[in-house]
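One file, upload_38.cif, is given below (mmCIF, C-alpha atoms).
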data_work
loop_
_atom_site.group_PDB
_atom_site.id
_atom_site.type_symbol
_atom_site.label_atom_id
_atom_site.label_comp_id
_atom_site.auth_asym_id
_atom_site.auth_seq_id
_atom_site.Cartn_x
_atom_site.Cartn_y
_atom_site.Cartn_z
ATOM 1 C CA MET U 5 0.000 0.000 0.000
ATOM 2 C CA SER U 6 1.336 3.432 -0.864
ATOM 3 C CA GLN U 7 1.475 6.490 1.345
ATOM 4 C CA ARG U 8 1.227 10.074 0.150
ATOM 5 C CA TYR U 9 2.853 13.134 1.672
ATOM 6 C CA SER U 10 2.827 16.832 0.911
ATOM 7 C CA GLU U 11 6.568 17.173 1.508
ATOM 8 C CA ILE U 12 9.851 15.295 1.859
ATOM 9 C CA CYS U 13 10.451 14.314 5.486
ATOM 10 C CA LYS U 14 13.951 13.646 6.857
ATOM 11 C CA GLU U 15 13.635 9.843 6.495
ATOM 12 C CA LEU U 16 12.650 10.074 2.824
ATOM 13 C CA LYS U 17 15.307 12.696 2.114
ATOM 14 C CA ASN U 18 17.964 10.394 3.575
ATOM 15 C CA PHE U 19 16.661 7.491 1.485
ATOM 16 C CA ALA U 20 16.701 9.524 -1.746
ATOM 17 C CA ILE U 21 20.223 10.911 -1.330
ATOM 18 C CA LYS U 22 21.570 7.460 -0.461
ATOM 19 C CA GLN U 23 20.468 5.979 -3.813
ATOM 20 C CA LYS U 24 23.104 5.627 -6.531
ATOM 21 C CA ILE U 25 20.547 5.948 -9.340
ATOM 22 C CA PHE U 26 17.265 7.755 -9.817
ATOM 23 C CA PHE U 27 14.879 7.995 -12.740
ATOM 24 C CA VAL U 28 13.386 11.125 -14.319
ATOM 25 C CA THR U 29 10.107 10.978 -16.213
ATOM 26 C CA THR U 30 8.561 13.747 -18.305
ATOM 27 C CA ALA U 31 5.964 14.037 -21.045
ATOM 28 C CA GLY U 32 5.213 16.853 -23.428
ATOM 29 C CA ARG U 33 1.762 17.895 -24.582
ATOM 30 C CA GLY U 34 1.940 15.226 -27.231
ATOM 31 C CA GLY U 35 4.509 12.830 -28.560
ATOM 32 C CA ARG U 36 6.609 10.499 -26.518
ATOM 33 C CA VAL U 37 6.982 9.994 -22.766
ATOM 34 C CA ASN U 38 10.612 10.078 -21.660
ATOM 35 C CA ILE U 39 12.254 8.229 -18.791
ATOM 36 C CA SER U 40 15.952 8.621 -18.068
ATOM 37 C CA PRO U 41 18.228 7.020 -15.484
ATOM 38 C CA LYS U 42 20.496 9.473 -13.660
ATOM 39 C CA GLY U 43 23.454 8.895 -11.394
ATOM 40 C CA MET U 44 26.759 10.284 -10.190
ATOM 41 C CA ASP U 45 26.652 13.166 -7.730
ATOM 42 C CA THR U 46 23.909 15.128 -9.518
ATOM 43 C CA LEU U 47 21.018 15.435 -7.031
ATOM 44 C CA ARG U 48 20.436 18.006 -4.284
ATOM 45 C CA ILE U 49 17.420 18.262 -1.987
ATOM 46 C CA LEU U 50 17.189 21.931 -1.052
ATOM 47 C CA GLY U 51 14.090 21.805 1.107
ATOM 48 C CA SER U 52 10.988 19.836 1.948
ATOM 49 C CA ASN U 53 9.486 20.629 -1.476
ATOM 50 C CA ARG U 54 12.461 21.500 -3.669
ATOM 51 C CA VAL U 55 14.936 19.295 -5.520
ATOM 52 C CA ILE U 56 17.496 20.242 -8.125
ATOM 53 C CA TRP U 57 19.494 17.916 -10.314
ATOM 54 C CA LEU U 58 22.332 18.515 -12.709
ATOM 55 C CA ASN U 59 21.753 17.246 -16.229
ATOM 56 C CA LEU U 60 24.835 16.136 -18.127
ATOM 57 C CA THR U 61 25.353 16.017 -21.883
ATOM 58 C CA GLY U 62 23.851 12.857 -23.329
ATOM 59 C CA SER U 63 22.537 11.433 -26.552
ATOM 60 C CA GLY U 64 19.218 13.265 -26.359
ATOM 61 C CA ASN U 65 17.549 16.144 -24.531
ATOM 62 C CA GLU U 66 13.873 15.195 -24.237
ATOM 63 C CA THR U 67 13.519 16.305 -20.615
ATOM 64 C CA SER U 68 14.312 19.901 -21.523
ATOM 65 C CA VAL U 69 11.606 20.125 -24.197
ATOM 66 C CA HIS U 70 8.971 18.515 -21.999
ATOM 67 C CA VAL U 71 9.720 20.764 -19.035
ATOM 68 C CA GLN U 72 9.645 23.881 -21.206
ATOM 69 C CA GLU U 73 6.246 22.795 -22.597
ATOM 70 C CA ASN U 74 4.459 22.019 -19.354
ATOM 71 C CA GLY U 75 6.874 21.546 -16.443
ATOM 72 C CA ARG U 76 5.549 18.142 -15.352
ATOM 73 C CA MET U 77 8.229 15.892 -13.887
ATOM 74 C CA THR U 78 8.443 12.811 -11.690
ATOM 75 C CA LEU U 79 11.595 11.550 -9.999
ATOM 76 C CA MET U 80 11.647 7.916 -8.863
ATOM 77 C CA PHE U 81 14.058 6.220 -6.473
ATOM 78 C CA CYS U 82 14.170 2.453 -5.806
ATOM 79 C CA ALA U 83 15.871 0.543 -3.018
ATOM 80 C CA PHE U 84 18.186 -1.970 -4.682
ATOM 81 C CA GLU U 85 19.631 -3.012 -1.312
ATOM 82 C CA GLY U 86 18.252 -3.232 2.212
ATOM 83 C CA LYS U 87 14.599 -2.658 3.041
ATOM 84 C CA PRO U 88 12.404 -2.397 -0.091
ATOM 85 C CA MET U 89 10.930 0.964 -1.059
ATOM 86 C CA ILE U 90 9.970 3.018 -4.101
ATOM 87 C CA LEU U 91 9.858 6.773 -3.650
ATOM 88 C CA ARG U 92 8.430 9.279 -6.128
ATOM 89 C CA PHE U 93 8.536 13.078 -6.194
ATOM 90 C CA TYR U 94 5.864 14.678 -8.392
ATOM 91 C CA GLY U 95 5.837 18.317 -9.352
ATOM 92 C CA LYS U 96 6.590 21.141 -11.734
ATOM 93 C CA ALA U 97 10.112 21.803 -12.912
ATOM 94 C CA LYS U 98 11.919 24.535 -14.725
ATOM 95 C CA VAL U 99 15.054 24.214 -16.804
ATOM 96 C CA ILE U 100 18.049 26.404 -16.038
ATOM 97 C CA HIS U 101 20.743 26.771 -18.716
ATOM 98 C CA PRO U 102 24.320 28.005 -18.154
ATOM 99 C CA ARG U 103 23.317 31.352 -19.704
ATOM 100 C CA ASP U 104 20.517 31.899 -17.117
ATOM 101 C CA ALA U 105 21.037 34.087 -14.025
ATOM 102 C CA GLU U 106 20.220 31.278 -11.542
ATOM 103 C CA TRP U 107 22.927 28.991 -12.977
ATOM 104 C CA SER U 108 25.916 30.546 -11.211
ATOM 105 C CA GLY U 109 24.389 30.162 -7.741
ATOM 106 C CA LEU U 110 23.093 26.614 -8.235
ATOM 107 C CA ILE U 111 26.043 25.079 -10.120
ATOM 108 C CA LYS U 112 28.218 25.732 -7.035
ATOM 109 C CA LEU U 113 26.203 23.044 -5.208
ATOM 110 C CA PHE U 114 27.623 20.324 -7.477
ATOM 111 C CA PRO U 115 31.122 19.066 -8.202
ATOM 112 C CA LYS U 116 32.606 20.392 -11.444
ATOM 113 C CA ILE U 117 31.603 17.908 -14.150
ATOM 114 C CA ALA U 118 32.490 18.451 -17.811
ATOM 115 C CA GLY U 119 29.413 18.442 -20.040
ATOM 116 C CA SER U 120 27.040 19.962 -17.472
ATOM 117 C CA ARG U 121 24.269 21.361 -19.642
ATOM 118 C CA GLN U 122 21.208 22.133 -17.503
ATOM 119 C CA ILE U 123 19.938 22.187 -13.959
ATOM 120 C CA PHE U 124 16.359 21.158 -13.372
ATOM 121 C CA ASP U 125 14.636 22.811 -10.420
ATOM 122 C CA LEU U 126 11.662 20.739 -9.247
ATOM 123 C CA SER U 127 8.947 22.178 -7.020
ATOM 124 C CA ILE U 128 7.301 19.133 -5.431
ATOM 125 C CA ASP U 129 3.560 18.969 -4.796
ATOM 126 C CA LEU U 130 3.278 15.242 -3.992
ATOM 127 C CA VAL U 131 5.591 12.667 -2.437
ATOM 128 C CA GLN U 132 4.594 9.022 -2.738
ATOM 129 C CA ARG U 133 6.150 6.038 -1.008
ATOM 130 C CA SER U 134 5.317 2.452 -1.975
ATOM 131 C CA CYS U 135 6.541 -1.002 -0.996
ATOM 132 C CA GLY U 136 9.042 -1.856 -3.724
ATOM 133 C CA MET U 137 8.951 -5.558 -2.866
ATOM 134 C CA GLY U 138 9.158 -6.503 -6.541
ATOM 135 C CA VAL U 139 12.400 -4.552 -7.111
ATOM 136 C CA PRO U 140 15.409 -6.912 -7.295
ATOM 137 C CA PHE U 141 18.623 -6.559 -5.311
ATOM 138 C CA PHE U 142 21.619 -5.055 -7.129
ATOM 139 C CA ASP U 143 25.107 -4.353 -5.886
ATOM 140 C CA PHE U 144 26.642 -0.969 -6.692
ATOM 141 C CA VAL U 145 30.218 -1.271 -7.948
ATOM 142 C CA THR U 146 31.191 2.231 -9.061
ATOM 143 C CA ASP U 147 30.078 5.141 -11.226
ATOM 144 C CA ARG U 148 30.998 4.857 -14.895
ATOM 145 C CA ARG U 149 33.659 7.304 -16.085
ATOM 146 C CA ASP U 150 32.706 7.170 -19.782
ATOM 147 C CA LEU U 151 30.341 10.179 -19.826
ATOM 148 C CA LYS U 152 32.809 12.398 -17.969
ATOM 149 C CA GLU U 153 35.724 11.273 -20.143
ATOM 150 C CA VAL U 154 33.881 11.902 -23.404
ATOM 151 C CA ALA U 155 32.932 15.415 -22.258
ATOM 152 C CA GLU U 156 36.450 16.141 -20.978
ATOM 153 C CA ASN U 157 37.970 14.961 -24.272
ATOM 154 C CA LYS U 158 35.578 17.093 -26.353
ATOM 155 C CA GLY U 159 36.245 20.249 -24.329
ATOM 156 C CA GLU U 160 33.825 23.161 -24.099
ATOM 157 C CA GLU U 161 33.918 23.919 -27.844
ATOM 158 C CA GLY U 162 33.352 20.265 -28.730
ATOM 159 C CA ILE U 163 30.467 19.980 -26.257
ATOM 160 C CA ARG U 164 28.777 23.066 -27.724
ATOM 161 C CA LYS U 165 29.095 21.570 -31.217
ATOM 162 C CA TYR U 166 27.693 18.257 -29.931
ATOM 163 C CA TRP U 167 24.712 20.127 -28.426
ATOM 164 C CA GLU U 168 24.075 21.825 -31.776
ATOM 165 C CA GLU U 169 24.235 18.521 -33.676
ATOM 166 C CA ASN U 170 22.591 16.133 -31.187
ATOM 167 C CA ASN U 171 20.745 18.002 -28.431
ATOM 168 C CA ALA U 172 19.059 20.942 -30.171
ATOM 169 C CA PHE U 173 15.833 19.079 -31.026
ATOM 170 C CA SER U 174 13.725 16.423 -29.360
ATOM 171 C CA LEU U 175 12.702 13.133 -30.948
ATOM 172 C CA ASP U 176 9.496 14.921 -31.952
ATOM 173 C CA GLY U 177 11.433 17.761 -33.652
ATOM 174 C CA LYS U 178 10.853 20.403 -30.961
ATOM 175 C CA SER U 179 13.589 22.871 -29.994
ATOM 176 C CA THR U 180 15.356 22.230 -26.685
ATOM 177 C CA ASN U 181 16.746 25.788 -26.537
ATOM 178 C CA ILE U 182 20.130 24.371 -25.501
ATOM 179 C CA VAL U 183 22.024 26.722 -27.838
#
Hey, can you dump this file as structure tokens for me?
Amino acid sequence: MSQRYSEICKELKNFAIKQKIFFVTTAGRGGRVNISPKGMDTLRILGSNRVIWLNLTGSGNETSVHVQENGRMTLMFCAFEGKPMILRFYGKAKVIHPRDAEWSGLIKLFPKIAGSRQIFDLSIDLVQRSCGMGVPFFDFVTDRRDLKEVAENKGEEGIRKYWEENNAFSLDGKSTNIV
């Protein structure tokens, strides 16, 4: 049975920040639903109803388009070790690009990671906790270095070019406003 909350309590905050992976789900007004796994040190819980996460350069940029269209976002965390639990944060997000005024204050909350392209700022209106008894056990080994290494090797100029070629439009042909 699931429980619903209006905010993130200390227990749920501790659970979320302990997880090595979380999932982000968004959907635009039409077109495809997007779900993306996220990891590394890219999540910050700033209050009982506010979460930010650092989005790194990847193969696509669906989340940005969806958030700019309607702001809807869900973050999901699963216990892959210990006591079972699934935790979801529902709310409205906004996308913050490096050119935006808020960027300089928020990026300081994260380690410097090459390829950082956006910060998503999620205002949470519902927190849901469910059993998670069907989620299998997994052992965490380490974060992958591949994404960081690719971005480091490309450099800032190469990343910008990659954004122009691969991240400027969604799968549905909508502008991500990355450049």
Inset, instruction - Name the closest residue to Trp57 of chain U among the candidates U:Phe144, U:Phe93, U:Tyr166, U:Phe114; distances are taken between atoms, counting only C-alpha atoms. - result: U:Phe114
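The environment of Glu156 of chain U within 6 Å, counting all atoms listed in the file and disregarding residues fewer than 3 places along the same chain, consists of Ala118, Glu153 and Gly159 of chain U.
Restricting the calculation to all atoms listed in the file, the smallest distance between Val28 of chain U and any of U:Leu110, U:Ile12, U:Ala105, U:Leu126 is found for U:Leu126.
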Inset, instruction - Considering only C-alpha atoms, return as a list in words whatever protein or nucleic-acid residues lie within 8 Å of Met80 of chain U, sequence-local ones (same chain, fewer than 5 positions apart) excluded. - result: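 What passes the distance filter is Phe26, Phe27, Val28, Ile90, Leu91, Arg92 and Phe93 of chain U.
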Legend entry - Nearest-residue call for Gly32 of chain U, choices U:Leu151, U:Ile117, U:Ile128, U:Val71, using only C-alpha atoms: U:Val71
Inset, instruction - Give me the residues within 12 Å of Glu168 of chain U as a list in words, counting all atoms listed in the file and dropping any in the same chain fewer than 2 places off. - result: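 With the cut-off at 12 Å, the set is Thr61, Ser63, Gly64, Asn65, Glu161, Gly162, Ile163, Arg164, Lys165, Tyr166, Asn170, Asn171, Ala172, Phe173, Ser174, Ser179, Thr180, Asn181, Ile182 and Val183 of chain U.
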Inset, instruction - Determine, counting all atoms listed in the file, which protein, DNA and RNA residues have an atom within 7 Å of an atom of Phe84 of chain U; residues of the same chain fewer than 4 positions away are not included. Present the result as an NGL selection string. - result: :U and (139-142)
Inset, instruction - Identify which of the residues U:Met44, U:Lys96, U:Arg76, U:Arg133 lies closest to Lys17 of chain U, counting all atoms listed in the file when measuring atom-to-atom distances. - result: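 Between U:Met44, U:Lys96, U:Arg76, U:Arg133, the residue approaching Lys17 of chain U most closely is U:Arg133.
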Please produce segment 130-148 of chain U, completed to N, CA and C atoms, as a PDB file, in the frame of the given file.
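Output below, filename result03.pdb:
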ATOM      1  N   LEU U 130       3.700  16.541  -4.531  1.00  0.00           N
ATOM      2  CA  LEU U 130       3.278  15.242  -3.992  1.00  0.00           C
ATOM      3  C   LEU U 130       4.490  14.336  -3.853  1.00  0.00           C
ATOM      4  N   VAL U 131       4.574  13.678  -2.698  1.00  0.00           N
ATOM      5  CA  VAL U 131       5.591  12.667  -2.437  1.00  0.00           C
ATOM      6  C   VAL U 131       4.838  11.363  -2.202  1.00  0.00           C
ATOM      7  N   GLN U 132       5.259  10.307  -2.893  1.00  0.00           N
ATOM      8  CA  GLN U 132       4.594   9.022  -2.738  1.00  0.00           C
ATOM      9  C   GLN U 132       5.632   7.951  -2.413  1.00  0.00           C
ATOM     10  N   ARG U 133       5.288   7.153  -1.430  1.00  0.00           N
ATOM     11  CA  ARG U 133       6.150   6.038  -1.008  1.00  0.00           C
ATOM     12  C   ARG U 133       5.353   4.761  -1.200  1.00  0.00           C
ATOM     13  N   SER U 134       5.983   3.745  -1.824  1.00  0.00           N
ATOM     14  CA  SER U 134       5.317   2.452  -1.975  1.00  0.00           C
ATOM     15  C   SER U 134       6.295   1.341  -1.625  1.00  0.00           C
ATOM     16  N   CYS U 135       5.798   0.117  -1.598  1.00  0.00           N
ATOM     17  CA  CYS U 135       6.541  -1.002  -0.996  1.00  0.00           C
ATOM     18  C   CYS U 135       7.840  -1.362  -1.711  1.00  0.00           C
ATOM     19  N   GLY U 136       7.830  -1.488  -2.999  1.00  0.00           N
ATOM     20  CA  GLY U 136       9.042  -1.856  -3.724  1.00  0.00           C
ATOM     21  C   GLY U 136       9.476  -3.300  -3.561  1.00  0.00           C
ATOM     22  N   MET U 137       8.578  -4.159  -3.118  1.00  0.00           N
ATOM     23  CA  MET U 137       8.951  -5.558  -2.866  1.00  0.00           C
ATOM     24  C   MET U 137       9.265  -6.334  -4.137  1.00  0.00           C
ATOM     25  N   GLY U 138       8.863  -5.838  -5.282  1.00  0.00           N
ATOM     26  CA  GLY U 138       9.158  -6.503  -6.541  1.00  0.00           C
ATOM     27  C   GLY U 138      10.467  -6.053  -7.178  1.00  0.00           C
ATOM     28  N   VAL U 139      11.140  -5.073  -6.575  1.00  0.00           N
ATOM     29  CA  VAL U 139      12.400  -4.552  -7.111  1.00  0.00           C
ATOM     30  C   VAL U 139      13.533  -5.491  -6.691  1.00  0.00           C
ATOM     31  N   PRO U 140      14.335  -5.973  -7.643  1.00  0.00           N
ATOM     32  CA  PRO U 140      15.409  -6.912  -7.295  1.00  0.00           C
ATOM     33  C   PRO U 140      16.562  -6.232  -6.564  1.00  0.00           C
ATOM     34  N   PHE U 141      17.394  -7.045  -5.938  1.00  0.00           N
ATOM     35  CA  PHE U 141      18.623  -6.559  -5.311  1.00  0.00           C
ATOM     36  C   PHE U 141      19.691  -6.375  -6.389  1.00  0.00           C
ATOM     37  N   PHE U 142      20.461  -5.294  -6.275  1.00  0.00           N
ATOM     38  CA  PHE U 142      21.619  -5.055  -7.129  1.00  0.00           C
ATOM     39  C   PHE U 142      22.738  -4.529  -6.255  1.00  0.00           C
ATOM     40  N   ASP U 143      23.949  -4.868  -6.608  1.00  0.00           N
ATOM     41  CA  ASP U 143      25.107  -4.353  -5.886  1.00  0.00           C
ATOM     42  C   ASP U 143      25.745  -3.236  -6.692  1.00  0.00           C
ATOM     43  N   PHE U 144      25.962  -2.093  -6.054  1.00  0.00           N
ATOM     44  CA  PHE U 144      26.642  -0.969  -6.692  1.00  0.00           C
ATOM     45  C   PHE U 144      28.144  -1.249  -6.690  1.00  0.00           C
ATOM     46  N   VAL U 145      28.776  -1.071  -7.836  1.00  0.00           N
ATOM     47  CA  VAL U 145      30.218  -1.271  -7.948  1.00  0.00           C
ATOM     48  C   VAL U 145      30.916   0.079  -7.964  1.00  0.00           C
ATOM     49  N   THR U 146      30.614   0.896  -8.952  1.00  0.00           N
ATOM     50  CA  THR U 146      31.191   2.231  -9.061  1.00  0.00           C
ATOM     51  C   THR U 146      30.455   3.005 -10.144  1.00  0.00           C
ATOM     52  N   ASP U 147      30.616   4.330 -10.139  1.00  0.00           N
ATOM     53  CA  ASP U 147      30.078   5.141 -11.226  1.00  0.00           C
ATOM     54  C   ASP U 147      30.903   4.885 -12.474  1.00  0.00           C
ATOM     55  N   ARG U 148      30.267   4.953 -13.623  1.00  0.00           N
ATOM     56  CA  ARG U 148      30.998   4.857 -14.895  1.00  0.00           C
ATOM     57  C   ARG U 148      31.737   6.176 -15.128  1.00  0.00           C
TER      58      ARG U 148
END
